[in-house]
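I have placed the structure first, in the form of structure tokens, so that the comments after it can refer back to it.
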Amino acid sequence: MLPRHHQPIVAIATAAGRGAVGIVRASGRDLQPLIAGVCGRALGPRHATYLPFLDAQGQAIDRGLAIHFPAPNSYTGEDVLELQAHGGPVVLQLLLARCLELGRDIGLRLAEPGEFTERAYLNDKLDLAQAEAVSDLIDASTEAAARSASRSLSGAFSSEVETLREQVVRLRMLVEATLDFPEEEIDFLRQADAQGQLDAINAQLASVLDHARQGALLREGIRVVLAGQPNVGKSSLLNALAGAELAIVTPIPGTTRDKVSQTIQIEGVPLHVIDTAGLRELGAAGDEVERIGIARSWDAIGQADAVLFLHDLTRVGEPAYDADDAAIAQRLSPLAPRVVHVFNKSDLRAAPEGDGDGDGVAISAQTGHGLDTLRHTLLRLAGWHAQPEGVYIARARHVDALQRTREHLAMAHAQLQLAQPALDLLAEELRLGHNALAEITGAFTPDDLLGEIFSRFCIGK
Ligand SMILES: Nc1nc2c(c(=O)[nH]1)N(C=O)[C@@H](CNc1ccc(C(=O)N[C@@H](CCC(=O)O)C(=O)O)cc1)CN2
Ligand SMILES: Nc1nc2c(ncn2[C@@H]2O[C@H](COP(=O)(O)OP(=O)(O)OP(=O)(O)O)[C@@H](O)[C@H]2O)c(=O)[nH]1
Ligand SMILES: [Mg+2]
């Protein structure tokens with residue numbers, strides 16, 4: 001049997017359900033038996049031919065367009081056959097079954113998720129960051145996310161990483177060469193301005209890291225938890241931000257029992273907003289359901305990227321809030337940089353001057369007053385500052401690899417500043433930094449990571 005990556009594969013490439021057109025796509029080293037069987041004739045290369053797709057009895061399953069992309073000029077770099085049929089689930093299943101039947105002798109099998117794109121990667125049509133961008137483009141939930149995924153797919157991110165990698169390679173070669181001439185080593189490095197080269201790399205790395213963080217933010221968004229005492233208006237705020245009546249709002253304290261979440265977007269950045277049960281001390285007689293709800297609120301708070309701590313302006317005392325709020329604030333204090341104080345119901349009572357920490361936002365969930373300020377505060381807290389046009393999509397995996405690169409290069413930098421740098425340690429840090437960078441485009445990526453990345457694609461991609 002052929003190794004997995006050489007077996008011919010087939011799948012329905014279009015989304016499940018009915019559509020105007022549906023595509024069955026096959027990829028492999030030689031698809032002639034399939035073409036002959038289903039099309040009943042030879043196909044010109046990269047030429048759309050309208051013809052009947054034939055079943056085993058020579059009857060037409062459907063009439064549509066067949067395209068043969070001979071290797072290596074195809075999406076996967078292998079032979080690709082596309083059957084563009086009418087987009088009904090039964091028609092497409094029949095075509096798929098017909099392909100599998102015809103392909104039995106060449107070992108044709110169903111494609112696993114992401115396997116076409118994995119082939120494109122293995123055949124050097126795309127690097128790993130571009131392959132990931134294919135999936136991110138399909139999954140994009142906002143226009144900004146789609147545009148930036150498209151930039152990554154076209155190689156904007158990869159080429160910046162590649163430029164960095166080339167510079168690190170050049171420096172590594174210099175250091176490795178010096179290792180062979182121990183007497184003159186230091187002078188040699190000084191003459192070649194190794195320090196200056198490293199400074200330039202680090203400056204550029206900082207900029208790529210910043211862009212990648214913005215890109216990861218666009219892809220992954222942040223978790224924002226609405227927290228506070230019962231009846232302060234958390235559910236009202238969720239509804240106001242979402243522009244829909246999602247959570248139940250009543251004047252009864254303890255209305256929300258369980259978490260309610262909704263993804264909204266601000267300037268294209270997805271925010272996963274979670275409304276929680278109001279926080280209060282329940283005596284022994286307290287309601288068991290509410291007790292569990294409150295425990296879940298604290299869980300959500302612990303996992304939040306940002307916490308909006310709501311206060312009810314009609315209840316706040318001096319200096320900023322009442323005793324129960326002070327108790328909650330105490331418990332939130334370890335999360336302080338992620339907490340925003342929000343003073344709600346400004347329509348009923350104006351916010352006192354110089355609220356609390358000075359970073360509070362006064363709003364009215366009912367009239368919408370202050371919501372724009374709150375949105376901008378959230379974006380700032382998330383670390384968003386880029387213009388979507390210049391951003392390429394990135395993943396936490398990329399940010400992590402860039403951070404590790406930065407750490408290794410910082411160690412290399414420290415070594416170079418010593419009067420007597422240990423050249424072997426310097427060389428080792430540069431090597432590790434180089435490897436971390438290479439993980440991004442896939443030049444140096446463990447197989448199990450590859451498997452994980454592609455398994456998250458949809459089938460047929
Ligand atoms: N019908 C159809 N539409 C599709 C795809 C597809 O596979 N089929 N794609 C699937 O994702 C995307 C387009 N991606 C593609 C990428 C490369 C090639 C290709 O033939 N590449 C050749 C020739 C390049 C050229 O002429 O410039 C090559 O790389 O050698 C085709 C589609 C979106 N639309
Ligand atoms: N005037 C005014 N009333 C508000 C505002 N926001 C919320 N309310 C009212 O305050 C009451 C409680 O609102 P909710 O949104 O249910 O409060 P909550 O924090 O979710 O309450 P629990 O789910 O019990 O924790 C309701 O009667 C709302 O109509 C506001 O900005 N102005
Ligand atoms: Mg509520």
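Simple scheme: letters A, B, ... for chains in structure tokens order, numbers from 1 for residues in each chain, numbers from 1 for ligands in the order shown.
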Check your understanding: Among stretch 235-291 of chain A, which ones does DSSP place in strand (DSSP E), written as a list in words?
Key ->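 Residues meeting the strand (DSSP E) criterion: Val260, Ser261, Gln262, Thr263, Ile264, Gln265, Ile266, Val269, Pro270, Leu271, His272, Val273, Ile274 and Asp275 of chain A.
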Just N, CA and C atoms for this one: save the residues we selected as a compact mmCIF listing (two decimals), in the first residue's frame.
```
# COMPACT_ATOMS: atom_id res chain seq x y z
N VAL A 260 -24.73 33.40 30.15
CA VAL A 260 -25.29 33.61 28.82
C VAL A 260 -24.19 34.26 28.00
N SER A 261 -23.81 33.68 26.85
CA SER A 261 -22.74 34.33 26.10
C SER A 261 -23.15 34.65 24.68
N GLN A 262 -22.48 35.66 24.17
CA GLN A 262 -22.75 36.12 22.82
C GLN A 262 -21.47 36.72 22.27
N THR A 263 -21.18 36.41 20.99
CA THR A 263 -20.01 37.02 20.37
C THR A 263 -20.45 38.26 19.61
N ILE A 264 -19.85 39.38 19.97
CA ILE A 264 -20.13 40.62 19.25
C ILE A 264 -18.82 41.06 18.61
N GLN A 265 -18.85 42.05 17.74
CA GLN A 265 -17.59 42.55 17.21
C GLN A 265 -17.51 44.06 17.36
N ILE A 266 -16.32 44.51 17.70
CA ILE A 266 -16.05 45.94 17.76
C ILE A 266 -14.88 46.19 16.83
N VAL A 269 -12.99 43.20 15.77
CA VAL A 269 -12.40 42.32 16.79
C VAL A 269 -13.53 41.55 17.47
N PRO A 270 -13.49 40.22 17.44
CA PRO A 270 -14.57 39.47 18.09
C PRO A 270 -14.44 39.54 19.62
N LEU A 271 -15.53 39.86 20.28
CA LEU A 271 -15.54 39.84 21.74
C LEU A 271 -16.58 38.82 22.17
N HIS A 272 -16.13 37.86 22.96
CA HIS A 272 -17.05 36.85 23.48
C HIS A 272 -17.53 37.36 24.82
N VAL A 273 -18.74 37.91 24.84
CA VAL A 273 -19.25 38.57 26.05
C VAL A 273 -20.08 37.57 26.85
N ILE A 274 -19.77 37.47 28.14
CA ILE A 274 -20.44 36.48 28.98
C ILE A 274 -21.15 37.19 30.14
N ASP A 275 -22.45 37.03 30.20
CA ASP A 275 -23.26 37.58 31.28
C ASP A 275 -23.32 36.52 32.37
```
Practice item. Taking the chain letters and numbering used in this document, name the residues of stretch 195-380 of chain A that DSSP puts in helix (DSSP H, G or I), as a VMD selection string. Key: chain A and resid 195 to 220 234 to 242 288 to 302 323 to 338 371 to 380
Check your understanding: A:Leu437, A:Ile35, A:Ala277, A:Ala97: which is nearest A:His408, counting only C-alpha atoms?
Key ->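 Of A:Leu437, A:Ile35, A:Ala277, A:Ala97, the one nearest A:His408 is A:Leu437, counting only C-alpha atoms.
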Residues of chain A that have any atom at most 8 Å from an atom of ligand 2: could you tabulate them with the shortest-distance atom pair and the distance in Å to one decimal, using only C-alpha atoms and all ligand atoms, ordered by chain and increasing number, as a tab-separated table?
```
residue	atom	partner	partner_atom_place_in_ligand_line	distance
A:Ala227	CA	ligand 2	19 (O)	7.8
A:Gly228	CA	ligand 2	19 (O)	6.7
A:Gln229	CA	ligand 2	25 (O)	6.0
A:Pro230	CA	ligand 2	25 (O)	3.3
A:Asn231	CA	ligand 2	21 (O)	3.4
A:Val232	CA	ligand 2	19 (O)	4.1
A:Gly233	CA	ligand 2	17 (O)	3.3
A:Lys234	CA	ligand 2	19 (O)	3.8
A:Ser235	CA	ligand 2	20 (O)	3.7
A:Ser236	CA	ligand 2	15 (O)	3.6
A:Leu237	CA	ligand 2	15 (O)	6.5
A:Ala247	CA	ligand 2	20 (O)	7.9
A:Ile248	CA	ligand 2	16 (O)	6.5
A:Val249	CA	ligand 2	16 (O)	3.6
A:Thr250	CA	ligand 2	26 (C)	4.5
A:Pro251	CA	ligand 2	27 (O)	3.4
A:Ile252	CA	ligand 2	24 (O)	6.0
A:Pro253	CA	ligand 2	24 (O)	3.8
A:Gly254	CA	ligand 2	24 (O)	3.4
A:Thr255	CA	ligand 2	24 (O)	3.9
A:Thr256	CA	ligand 2	23 (O)	3.6
A:Arg257	CA	ligand 2	23 (O)	6.9
A:Asp275	CA	ligand 2	20 (O)	7.4
A:Thr276	CA	ligand 2	25 (O)	7.0
A:Ala277	CA	ligand 2	25 (O)	4.8
A:Gly278	CA	ligand 2	25 (O)	3.3
A:Leu279	CA	ligand 2	25 (O)	7.0
A:Leu310	CA	ligand 2	19 (O)	7.8
A:Asn344	CA	ligand 2	31 (O)	5.3
A:Lys345	CA	ligand 2	31 (O)	3.4
A:Ser346	CA	ligand 2	31 (O)	6.2
A:Asp347	CA	ligand 2	32 (N)	5.7
A:Leu348	CA	ligand 2	1 (N)	5.6
A:Ile363	CA	ligand 2	31 (O)	6.7
A:Ser364	CA	ligand 2	31 (O)	3.5
A:Ala365	CA	ligand 2	31 (O)	3.8
A:Gln366	CA	ligand 2	31 (O)	4.1
A:Thr367	CA	ligand 2	31 (O)	6.5
A:Gly368	CA	ligand 2	31 (O)	7.7
```
Point to revise | Minimum-distance residue to A:Gly442, chosen among A:Leu34, A:Ala401, A:Cys39, A:Leu381 (using only C-alpha atoms) | key: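 For A:Gly442, the nearest of the candidates is A:Ala401.
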**Study point:** Among listed residues A:Asp287, A:Gly460, A:Leu332, A:Leu179, nearest ligand 1 (using only C-alpha atoms and all ligand atoms)
**Key:** A:Gly460
Review point. What does the distance between atom CA of A:Val316 and atom CA of A:Ile222 come to in Å, to one decimal place?
Key: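 Between atom CA of A:Val316 and atom CA of A:Ile222 the gap is 28.9 Å.
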Could you list, with a cut-off of 10 Å and counting only C-alpha atoms and all ligand atoms, the residues of chain A near ligand 1, each shown with its nearest atom pair and the distance in Å rounded to one decimal, rows sorted by chain and ascending number, as CSV?
```
residue,atom,partner,partner_atom_place_in_ligand_line,distance
A:Ala13,CA,ligand 1,7 (O),8.1
A:Thr14,CA,ligand 1,2 (C),9.5
A:Gly22,CA,ligand 1,1 (N),9.6
A:Ile23,CA,ligand 1,1 (N),7.4
A:Val24,CA,ligand 1,8 (N),9.6
A:Arg25,CA,ligand 1,7 (O),7.8
A:Ala26,CA,ligand 1,7 (O),9.9
A:Arg46,CA,ligand 1,20 (O),7.8
A:Ala66,CA,ligand 1,1 (N),10.0
A:Ile67,CA,ligand 1,1 (N),8.6
A:His68,CA,ligand 1,20 (O),9.7
A:Phe69,CA,ligand 1,20 (O),6.6
A:Pro70,CA,ligand 1,20 (O),8.9
A:Ala71,CA,ligand 1,30 (O),7.9
A:Pro72,CA,ligand 1,30 (O),5.8
A:Asn73,CA,ligand 1,30 (O),3.1
A:Ser74,CA,ligand 1,20 (O),3.6
A:Tyr75,CA,ligand 1,17 (C),3.9
A:Thr76,CA,ligand 1,17 (C),7.5
A:Gly77,CA,ligand 1,30 (O),6.6
A:Glu78,CA,ligand 1,30 (O),9.4
A:Val80,CA,ligand 1,7 (O),8.5
A:Leu81,CA,ligand 1,8 (N),9.4
A:Glu82,CA,ligand 1,1 (N),7.1
A:Leu83,CA,ligand 1,1 (N),8.9
A:Gln84,CA,ligand 1,1 (N),7.7
A:Phe116,CA,ligand 1,11 (O),8.4
A:Thr117,CA,ligand 1,11 (O),7.6
A:Ala120,CA,ligand 1,29 (O),8.8
A:Asn123,CA,ligand 1,29 (O),9.9
A:Asp124,CA,ligand 1,29 (O),9.3
A:Lys125,CA,ligand 1,29 (O),6.1
A:Leu126,CA,ligand 1,29 (O),9.1
A:Ala131,CA,ligand 1,11 (O),9.9
A:Val134,CA,ligand 1,11 (O),7.6
A:Ser135,CA,ligand 1,11 (O),9.9
A:Gly460,CA,ligand 1,11 (O),9.5
A:Lys461,CA,ligand 1,11 (O),6.8
```
Point to revise | Of the listed residues A:Gly88, A:Gly293, A:Pro446, A:Gly37, that which approaches ligand 3 most closely, counting only C-alpha atoms and all ligand atoms | key: A:Gly293
Revision key, fill the gap. Here atom CA of A:Gln417 and atom CA of A:Val208 stand apart by 24.4 Å
**Study point:** Which of A:Asp400, A:Asp448, A:Asp210, A:Glu439 sits closest to A:Arg165 [using only C-alpha atoms]
**Key:** A:Glu439
Exercise for review: Can you work out the spacing between atom CA of A:His5 and atom CA of A:Gly28 in Å, to one decimal?
Suggested key: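 Calculated distance between atom CA of A:His5 and atom CA of A:Gly28 is 9.3 Å.
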Exercise for review: Mind checking which residues fall within 8 Å of A:Ala427, counting only C-alpha atoms, ignoring those fewer than 6 positions away in the same chain, and posting them as a PyMOL selection string?
Suggested key: chain A and resi 172+175-176+412
**Study point:** Nearest to A:Ala140 by atom-to-atom distance, counting only C-alpha atoms, from A:Ala351, A:Ala240, A:Ile393, A:Val10
**Key:**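 Nearest to A:Ala140: A:Ile393.
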